[in-house]
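**Q** Handing you this structure, nothing more for now.
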Amino acid sequence: MTAKIITVFNQKGGCGKTNIAMHLGGALGRRKKKVKIIDADPQNTATRWHAQAKDEAPFPARISNLSGLGAALHREIKADLDNFDYIVVDCPPSVDSPIAGSALLVSDLAVIPVVPSPADLWAAVAAKKLAAQAQATNPDLKAVVVFNMVQRTAMAKGALDVMAEDEGVPVLKSQLGLRSAYRECQVMGGTVHAVPRAGAAVAEVEALVDELLNELK
Ligand SMILES: Nc1ncnc2c1ncn2[C@@H]1O[C@H](COP(=O)(O)OP(=O)(O)OP(=O)(O)O)[C@@H](O)[C@H]1O
Ligand SMILES: [Mg+2]
């Protein structure tokens with residue numbers, strides 16, 4: 001087993017990095033894959049979310065909190081390559097942190113969550129630049145943008161037009177809507193699969209995972 005490494009990053013705060021990392025990791029775990037989520041953010045959001053689960057219904061992926069490793073993170077990620085099918089890294093929202101750059105050195109896929117709003121689109125330029133820098137040393141790295149908290153289709157369509165101009169970093173077809181289920185599931189220490197009547201959220205998460213797996217082929 002050689003783990004595929006997926007790094008979720010964007011220096012913009014609150015765009016959905018932890019939401020996407022936990023749903024990606026959790027959904028792959030539900031598919032019986034061996035998954036480790038690396039919480040690389042000193043805010044510990046992913047770790048706290050994971051810790052909310054009850055013993056009888058644990059979160060469907062392992063977690064390690066490695067936010068203190070800084071620029072050495074890639075060494076510790078690589079040390080686990082033979083133990084997992086997928087390693088998903090949740091990065092902090094910092095321009096200065098070396099964490100994302102370190103994780104991208106050893107990653108197969110870079111996932112940049114973007115909220116389709118003007119401020120978030122402007123901030124995404126820096127995230128894409130970081131991905132391009134990493135690709136200079138890690139040419140196998142693929143980078144994609146995922147729209148999160150999509151509320152109005154017209155705004156998402158406009159954002160899509162802006163983003164689509166950059167052929168190097170495609171925008172995935174799958175998007176996550178703005179849905180209360182993504183907040184509710186954190187209290188339960190699970191994914192939206194654990195939330196009653198959250199079928200629409202489950203369907204979009206599963207579609208996103210399918211599309212990301214396709215990018216890894
Ligand atoms: N699709 C969504 N629908 C509704 N709420 C969402 C969605 N995605 C994320 N959220 C909520 O928005 C907030 C920020 O999301 P999240 O923590 O995933 O962002 P982040 O990029 O990891 O933030 P930070 O930069 O602080 O690490 C959280 O309260 C989260 O539950
Ligand atoms: Mg986060």
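Residues are named by chain letter and number: chains run A, B, ... in the order of the structure tokens, numbers start at 1 in each chain, and ligands are numbered from 1 in the order shown.
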Neighbours of ligand 1 within 9 Å, counting only C-alpha atoms and all ligand atoms, as a VMD selection string?

**A** chain A and resid 8 to 22 41 43 to 46 90 to 94 113 to 115 147 to 151 175 to 186 201

**Q** May I have the selected residues written with N, CA and C atoms, as a short mmCIF file (atom, residue, chain, number, x, y, z; two decimals), in the first residue's frame?

**A**
data_model
loop_
_atom_site.label_atom_id
_atom_site.label_comp_id
_atom_site.auth_asym_id
_atom_site.auth_seq_id
_atom_site.Cartn_x
_atom_site.Cartn_y
_atom_site.Cartn_z
N VAL A 8 -5.25 19.81 1.62
CA VAL A 8 -6.31 20.82 1.48
C VAL A 8 -5.77 22.11 2.07
N PHE A 9 -5.65 23.14 1.24
CA PHE A 9 -5.02 24.37 1.74
C PHE A 9 -5.59 25.59 1.04
N ASN A 10 -5.42 26.72 1.71
CA ASN A 10 -5.76 28.05 1.20
C ASN A 10 -5.48 28.98 2.37
N GLN A 11 -4.70 30.01 2.15
CA GLN A 11 -4.38 30.89 3.27
C GLN A 11 -5.58 31.70 3.74
N LYS A 12 -6.65 31.70 2.95
CA LYS A 12 -7.89 32.41 3.32
C LYS A 12 -8.58 31.64 4.45
N GLY A 13 -8.91 32.33 5.53
CA GLY A 13 -9.58 31.67 6.65
C GLY A 13 -11.03 31.36 6.34
N GLY A 14 -11.52 30.27 6.90
CA GLY A 14 -12.94 29.95 6.87
C GLY A 14 -13.52 29.58 5.52
N CYS A 15 -12.69 29.17 4.56
CA CYS A 15 -13.22 28.85 3.23
C CYS A 15 -13.68 27.39 3.14
N GLY A 16 -13.40 26.60 4.18
CA GLY A 16 -13.90 25.22 4.19
C GLY A 16 -12.82 24.15 4.11
N LYS A 17 -11.58 24.51 4.44
CA LYS A 17 -10.49 23.51 4.40
C LYS A 17 -10.79 22.33 5.31
N THR A 18 -11.12 22.64 6.57
CA THR A 18 -11.35 21.54 7.52
C THR A 18 -12.60 20.75 7.13
N ASN A 19 -13.62 21.45 6.69
CA ASN A 19 -14.85 20.74 6.27
C ASN A 19 -14.56 19.75 5.15
N ILE A 20 -13.80 20.19 4.17
CA ILE A 20 -13.51 19.32 3.03
C ILE A 20 -12.53 18.21 3.42
N ALA A 21 -11.52 18.54 4.22
CA ALA A 21 -10.56 17.50 4.64
C ALA A 21 -11.27 16.41 5.44
N MET A 22 -12.13 16.81 6.36
CA MET A 22 -12.82 15.81 7.21
C MET A 22 -13.83 15.00 6.39
N ASP A 41 -3.13 22.26 11.58
CA ASP A 41 -3.54 23.62 11.95
C ASP A 41 -3.53 23.75 13.48
N GLN A 43 -5.07 25.56 15.29
CA GLN A 43 -6.41 25.78 15.85
C GLN A 43 -7.05 24.46 16.29
N ASN A 44 -6.51 23.34 15.80
CA ASN A 44 -6.98 21.99 16.20
C ASN A 44 -8.44 21.70 15.86
N THR A 45 -8.99 22.37 14.87
CA THR A 45 -10.41 22.17 14.58
C THR A 45 -10.72 20.72 14.19
N ALA A 46 -9.92 20.16 13.32
CA ALA A 46 -10.18 18.78 12.88
C ALA A 46 -10.06 17.80 14.05
N ASP A 90 -4.98 18.73 6.51
CA ASP A 90 -5.77 19.96 6.70
C ASP A 90 -4.82 21.07 7.15
N CYS A 91 -4.65 22.08 6.32
CA CYS A 91 -3.64 23.13 6.56
C CYS A 91 -4.22 24.35 7.28
N PRO A 92 -3.36 25.14 7.93
CA PRO A 92 -3.81 26.35 8.61
C PRO A 92 -4.01 27.52 7.63
N PRO A 93 -4.80 28.53 8.04
CA PRO A 93 -5.07 29.67 7.16
C PRO A 93 -4.01 30.75 7.27
N SER A 94 -2.78 30.41 7.04
CA SER A 94 -1.74 31.41 7.26
C SER A 94 -0.88 31.59 6.03
N PRO A 113 -10.08 24.88 -1.46
CA PRO A 113 -11.50 25.26 -1.32
C PRO A 113 -11.65 26.77 -1.53
N VAL A 114 -12.65 27.14 -2.27
CA VAL A 114 -12.90 28.56 -2.53
C VAL A 114 -14.41 28.83 -2.41
N VAL A 115 -14.75 29.85 -1.63
CA VAL A 115 -16.14 30.29 -1.56
C VAL A 115 -16.36 31.22 -2.75
N PHE A 147 -15.39 24.57 -5.14
CA PHE A 147 -16.27 25.61 -4.60
C PHE A 147 -17.02 25.06 -3.40
N ASN A 148 -16.99 25.85 -2.31
CA ASN A 148 -17.66 25.44 -1.08
C ASN A 148 -18.65 26.54 -0.67
N MET A 149 -19.65 26.16 0.11
CA MET A 149 -20.69 27.08 0.61
C MET A 149 -21.37 27.78 -0.56
N VAL A 150 -21.66 27.05 -1.60
CA VAL A 150 -22.31 27.63 -2.78
C VAL A 150 -23.77 27.89 -2.44
N GLN A 151 -24.17 29.13 -2.62
CA GLN A 151 -25.49 29.56 -2.19
C GLN A 151 -26.35 29.97 -3.37
N GLN A 175 -19.59 20.59 -6.27
CA GLN A 175 -19.52 21.73 -5.36
C GLN A 175 -20.24 21.35 -4.07
N LEU A 176 -19.87 21.98 -2.97
CA LEU A 176 -20.62 21.78 -1.72
C LEU A 176 -21.47 23.01 -1.47
N GLY A 177 -22.75 22.78 -1.21
CA GLY A 177 -23.67 23.89 -0.94
C GLY A 177 -23.52 24.39 0.49
N LEU A 178 -24.11 25.56 0.73
CA LEU A 178 -24.16 26.09 2.11
C LEU A 178 -25.29 25.36 2.83
N ARG A 179 -24.94 24.46 3.72
CA ARG A 179 -25.96 23.61 4.36
C ARG A 179 -25.66 23.45 5.84
N SER A 180 -26.72 23.51 6.64
CA SER A 180 -26.53 23.38 8.10
C SER A 180 -25.97 22.02 8.48
N ALA A 181 -26.18 21.02 7.67
CA ALA A 181 -25.69 19.67 8.00
C ALA A 181 -24.17 19.66 8.21
N TYR A 182 -23.44 20.55 7.49
CA TYR A 182 -21.98 20.57 7.64
C TYR A 182 -21.57 21.09 9.01
N ARG A 183 -22.43 21.87 9.64
CA ARG A 183 -22.14 22.33 11.00
C ARG A 183 -22.62 21.32 12.02
N GLU A 184 -23.83 20.77 11.77
CA GLU A 184 -24.41 19.81 12.73
C GLU A 184 -23.51 18.60 12.93
N CYS A 185 -22.90 18.13 11.86
CA CYS A 185 -22.15 16.88 11.98
C CYS A 185 -20.90 17.02 12.84
N GLN A 186 -20.41 18.25 13.01
CA GLN A 186 -19.22 18.44 13.85
C GLN A 186 -19.51 18.09 15.30
N ALA A 201 -26.62 16.71 1.11
CA ALA A 201 -25.21 16.92 1.48
C ALA A 201 -24.40 15.64 1.24
#

**Q** Can you write out as JSON lines which residues of segment 150-198 of chain A fall within 12 Å of segment 50-70 of chain A, alongside each residue's closest atom pair and its distance in Å to one decimal, counting only C-alpha atoms and ordering rows by chain and ascending residue number?

**A**
{"residue": "A:Glu184", "atom": "CA", "partner": "A:Gln52", "partner_atom": "CA", "distance": 11.6}
{"residue": "A:Cys185", "atom": "CA", "partner": "A:Gln52", "partner_atom": "CA", "distance": 9.6}
{"residue": "A:Gln186", "atom": "CA", "partner": "A:Gln52", "partner_atom": "CA", "distance": 7.3}
{"residue": "A:Val187", "atom": "CA", "partner": "A:Gln52", "partner_atom": "CA", "distance": 6.2}
{"residue": "A:Met188", "atom": "CA", "partner": "A:Ala53", "partner_atom": "CA", "distance": 5.8}
{"residue": "A:Gly189", "atom": "CA", "partner": "A:Ala53", "partner_atom": "CA", "distance": 3.9}
{"residue": "A:Gly190", "atom": "CA", "partner": "A:Phe59", "partner_atom": "CA", "distance": 5.3}
{"residue": "A:Thr191", "atom": "CA", "partner": "A:Phe59", "partner_atom": "CA", "distance": 7.8}
{"residue": "A:Val192", "atom": "CA", "partner": "A:Phe59", "partner_atom": "CA", "distance": 11.4}
{"residue": "A:His193", "atom": "CA", "partner": "A:Pro60", "partner_atom": "CA", "distance": 10.7}
{"residue": "A:Ala194", "atom": "CA", "partner": "A:Ala57", "partner_atom": "CA", "distance": 9.6}

**Q** Please dump the current selection as a PDB file, in the first residue's frame; keep N, CA and C atoms.

**A**
ATOM      1  N   GLU A 184     -23.827  20.770  11.773  1.00  0.00           N
ATOM      2  CA  GLU A 184     -24.407  19.809  12.731  1.00  0.00           C
ATOM      3  C   GLU A 184     -23.507  18.599  12.932  1.00  0.00           C
ATOM      4  N   CYS A 185     -22.896  18.130  11.859  1.00  0.00           N
ATOM      5  CA  CYS A 185     -22.146  16.880  11.977  1.00  0.00           C
ATOM      6  C   CYS A 185     -20.898  17.021  12.840  1.00  0.00           C
ATOM      7  N   GLN A 186     -20.415  18.246  13.006  1.00  0.00           N
ATOM      8  CA  GLN A 186     -19.219  18.437  13.846  1.00  0.00           C
ATOM      9  C   GLN A 186     -19.514  18.091  15.302  1.00  0.00           C
ATOM     10  N   VAL A 187     -20.716  18.462  15.755  1.00  0.00           N
ATOM     11  CA  VAL A 187     -21.112  18.172  17.142  1.00  0.00           C
ATOM     12  C   VAL A 187     -21.159  16.667  17.369  1.00  0.00           C
ATOM     13  N   MET A 188     -21.536  15.935  16.313  1.00  0.00           N
ATOM     14  CA  MET A 188     -21.670  14.485  16.437  1.00  0.00           C
ATOM     15  C   MET A 188     -20.335  13.771  16.253  1.00  0.00           C
ATOM     16  N   GLY A 189     -19.319  14.499  15.848  1.00  0.00           N
ATOM     17  CA  GLY A 189     -18.027  13.862  15.588  1.00  0.00           C
ATOM     18  C   GLY A 189     -18.078  12.936  14.398  1.00  0.00           C
ATOM     19  N   GLY A 190     -18.888  13.304  13.412  1.00  0.00           N
ATOM     20  CA  GLY A 190     -18.998  12.466  12.215  1.00  0.00           C
ATOM     21  C   GLY A 190     -19.024  13.320  10.968  1.00  0.00           C
ATOM     22  N   THR A 191     -19.425  12.696   9.875  1.00  0.00           N
ATOM     23  CA  THR A 191     -19.619  13.434   8.630  1.00  0.00           C
ATOM     24  C   THR A 191     -21.120  13.664   8.444  1.00  0.00           C
ATOM     25  N   VAL A 192     -21.501  14.289   7.336  1.00  0.00           N
ATOM     26  CA  VAL A 192     -22.937  14.525   7.105  1.00  0.00           C
ATOM     27  C   VAL A 192     -23.716  13.213   6.965  1.00  0.00           C
ATOM     28  N   HIS A 193     -22.992  12.124   6.727  1.00  0.00           N
ATOM     29  CA  HIS A 193     -23.661  10.820   6.637  1.00  0.00           C
ATOM     30  C   HIS A 193     -24.377  10.480   7.942  1.00  0.00           C
ATOM     31  N   ALA A 194     -23.916  11.085   9.054  1.00  0.00           N
ATOM     32  CA  ALA A 194     -24.492  10.779  10.363  1.00  0.00           C
ATOM     33  C   ALA A 194     -25.683  11.687  10.691  1.00  0.00           C
TER      34      ALA A 194
END

**Q** Applying 8 Å and only C-alpha atoms, which residues near Tyr86 of chain A remain after dropping the ones on its own chain fewer than 5 positions away? List them as a short mmCIF file (atom, residue, chain, number, x, y, z; two decimals) with N, CA and C atoms, in the first residue's frame.

**A**
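What follows is the written file selection-v4.cif:
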data_model
loop_
_atom_site.label_atom_id
_atom_site.label_comp_id
_atom_site.auth_asym_id
_atom_site.auth_seq_id
_atom_site.Cartn_x
_atom_site.Cartn_y
_atom_site.Cartn_z
N ALA A 3 0.26 5.19 0.16
CA ALA A 3 -0.83 6.16 0.33
C ALA A 3 -0.78 7.27 -0.72
N LYS A 4 -1.94 7.65 -1.19
CA LYS A 4 -2.08 8.88 -1.97
C LYS A 4 -2.24 10.02 -0.98
N ILE A 5 -1.53 11.11 -1.24
CA ILE A 5 -1.55 12.23 -0.29
C ILE A 5 -2.32 13.41 -0.89
N ILE A 6 -3.30 13.85 -0.13
CA ILE A 6 -4.16 14.95 -0.59
C ILE A 6 -4.04 16.09 0.43
N GLY A 25 -11.73 12.63 4.09
CA GLY A 25 -11.19 11.54 4.90
C GLY A 25 -12.29 10.61 5.40
N LYS A 33 -11.55 2.35 3.12
CA LYS A 33 -10.15 2.67 2.86
C LYS A 33 -9.48 3.01 4.20
N LYS A 34 -8.17 2.73 4.27
CA LYS A 34 -7.41 3.12 5.47
C LYS A 34 -6.98 4.57 5.29
N VAL A 35 -7.49 5.42 6.13
CA VAL A 35 -7.27 6.87 5.94
C VAL A 35 -6.72 7.50 7.20
N LYS A 36 -5.73 8.36 7.01
CA LYS A 36 -5.28 9.19 8.12
C LYS A 36 -5.46 10.65 7.74
#

**Q** Rounded to one decimal, what separation in Å do you get between atom CA of Leu213 of chain A and atom CA of Thr153 of chain A?

**A**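 According to the coordinates, atom CA of Leu213 of chain A and atom CA of Thr153 of chain A are separated by 25.1 Å.
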
**Q** Determine the nearest neighbour of Val88 of chain A from the options A:Ala126, A:Ala203, A:Ile38, A:Val144, counting only C-alpha atoms.

**A**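 The answer is A:Ile38, which sits nearest to Val88 of chain A.
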
**Q** Which neighbours of segment 165-173 of chain A fall inside 10 Å, counting only C-alpha atoms, when residues of the same chain fewer than 6 positions from it are skipped, and could you give them as a PyMOL selection string?

**A** chain A and resi 110-114+128+131-132+142-147+159+207-208+211-212+215

**Q** DSSP says strand (DSSP E or B) for which residues of chain A? Put them as a VMD selection string?

**A** chain A and resid 4 to 8 35 to 39 62 to 65 86 to 90 109 to 114 142 to 147 150 171 177

**Q** Rounded to one decimal in Å, what is the spacing between atom CA of Pro98 of chain A and atom CA of Pro116 of chain A?

**A** 26.0 Å

**Q** Rounded to one decimal, what separation in Å do you get between atom CA of Gly158 of chain A and atom CA of Lys129 of chain A?

**A**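 These atoms are spaced 21.4 Å apart.
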
**Q** Of the candidates A:Leu160, A:Val195, A:Val89, A:Ala134, which one gets nearest to Leu121 of chain A if we count only C-alpha atoms?

**A**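 Looking at the shortest contact to Leu121 of chain A, the residue is A:Leu160.
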
**Q** Just asking: which residues within segment 10-202 of chain A are helix (DSSP H, G or I) according to DSSP, as number ranges by chain?

**A** A: 17-30, 45-51, 67-79, 99-105, 118-137, 153-164, 181-188, 192-194, 199-202

**Q** As a list in words, please: the residues near Gln133 of chain A (cut-off 10 Å, only C-alpha atoms, same-chain neighbours under 5 positions excluded).

**A**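 Residues meeting the cut-off are Gly101, Leu104, Leu105, Ala127, Lys128, Asn138 and Pro139 of chain A.
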
**Q** What does the file look like for those residues with C-alpha atoms, as a compact mmCIF listing (two decimals), in the first residue's frame?

**A**
# COMPACT_ATOMS: atom_id res chain seq x y z
CA GLY A 101 4.42 24.27 1.26
CA LEU A 104 2.67 19.96 -1.06
CA LEU A 105 6.24 18.73 -1.61
CA ALA A 127 -3.12 29.74 -3.07
CA LYS A 128 -2.77 28.87 -6.74
CA ASN A 138 6.98 18.12 -7.34
CA PRO A 139 5.90 17.95 -11.01

**Q** Counting only C-alpha atoms and all ligand atoms, figure out which residue out of A:Leu216, A:Leu28, A:Ala123, A:Ala40 gets nearest to ligand 2.

**A**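 Counting only C-alpha atoms and all ligand atoms, the residue closest to ligand 2 is A:Ala40.
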
**Q** Which polymer residues have any atom within 9 Å of an atom of Val209 of chain A, counting only C-alpha atoms, with same-chain residues fewer than 4 positions away left out, as a short mmCIF file (atom, residue, chain, number, x, y, z; two decimals) with N, CA and C atoms, in the first residue's frame?

**A**
data_model
loop_
_atom_site.label_atom_id
_atom_site.label_comp_id
_atom_site.auth_asym_id
_atom_site.auth_seq_id
_atom_site.Cartn_x
_atom_site.Cartn_y
_atom_site.Cartn_z
N HIS A 23 -14.49 15.64 5.42
CA HIS A 23 -15.47 14.88 4.63
C HIS A 23 -14.79 13.96 3.62
N LEU A 24 -13.68 14.43 3.10
CA LEU A 24 -12.92 13.57 2.20
C LEU A 24 -12.40 12.35 2.96
N ALA A 27 -15.41 10.15 4.25
CA ALA A 27 -16.13 9.42 3.19
C ALA A 27 -15.26 8.28 2.64
N LEU A 28 -13.95 8.51 2.53
CA LEU A 28 -13.06 7.43 2.08
C LEU A 28 -13.00 6.33 3.13
N SER A 174 -18.02 19.16 -9.10
CA SER A 174 -18.71 18.96 -7.81
C SER A 174 -18.50 20.18 -6.93
N GLU A 204 -23.66 15.22 -2.45
CA GLU A 204 -22.62 16.10 -3.03
C GLU A 204 -21.23 15.74 -2.50
N VAL A 205 -21.16 15.25 -1.26
CA VAL A 205 -19.86 14.81 -0.73
C VAL A 205 -19.38 13.59 -1.51
N LEU A 213 -11.08 11.32 -6.67
CA LEU A 213 -10.40 10.04 -6.93
C LEU A 213 -10.04 9.93 -8.40
N ASN A 214 -10.90 10.44 -9.23
CA ASN A 214 -10.65 10.44 -10.66
C ASN A 214 -9.41 11.29 -11.00
#
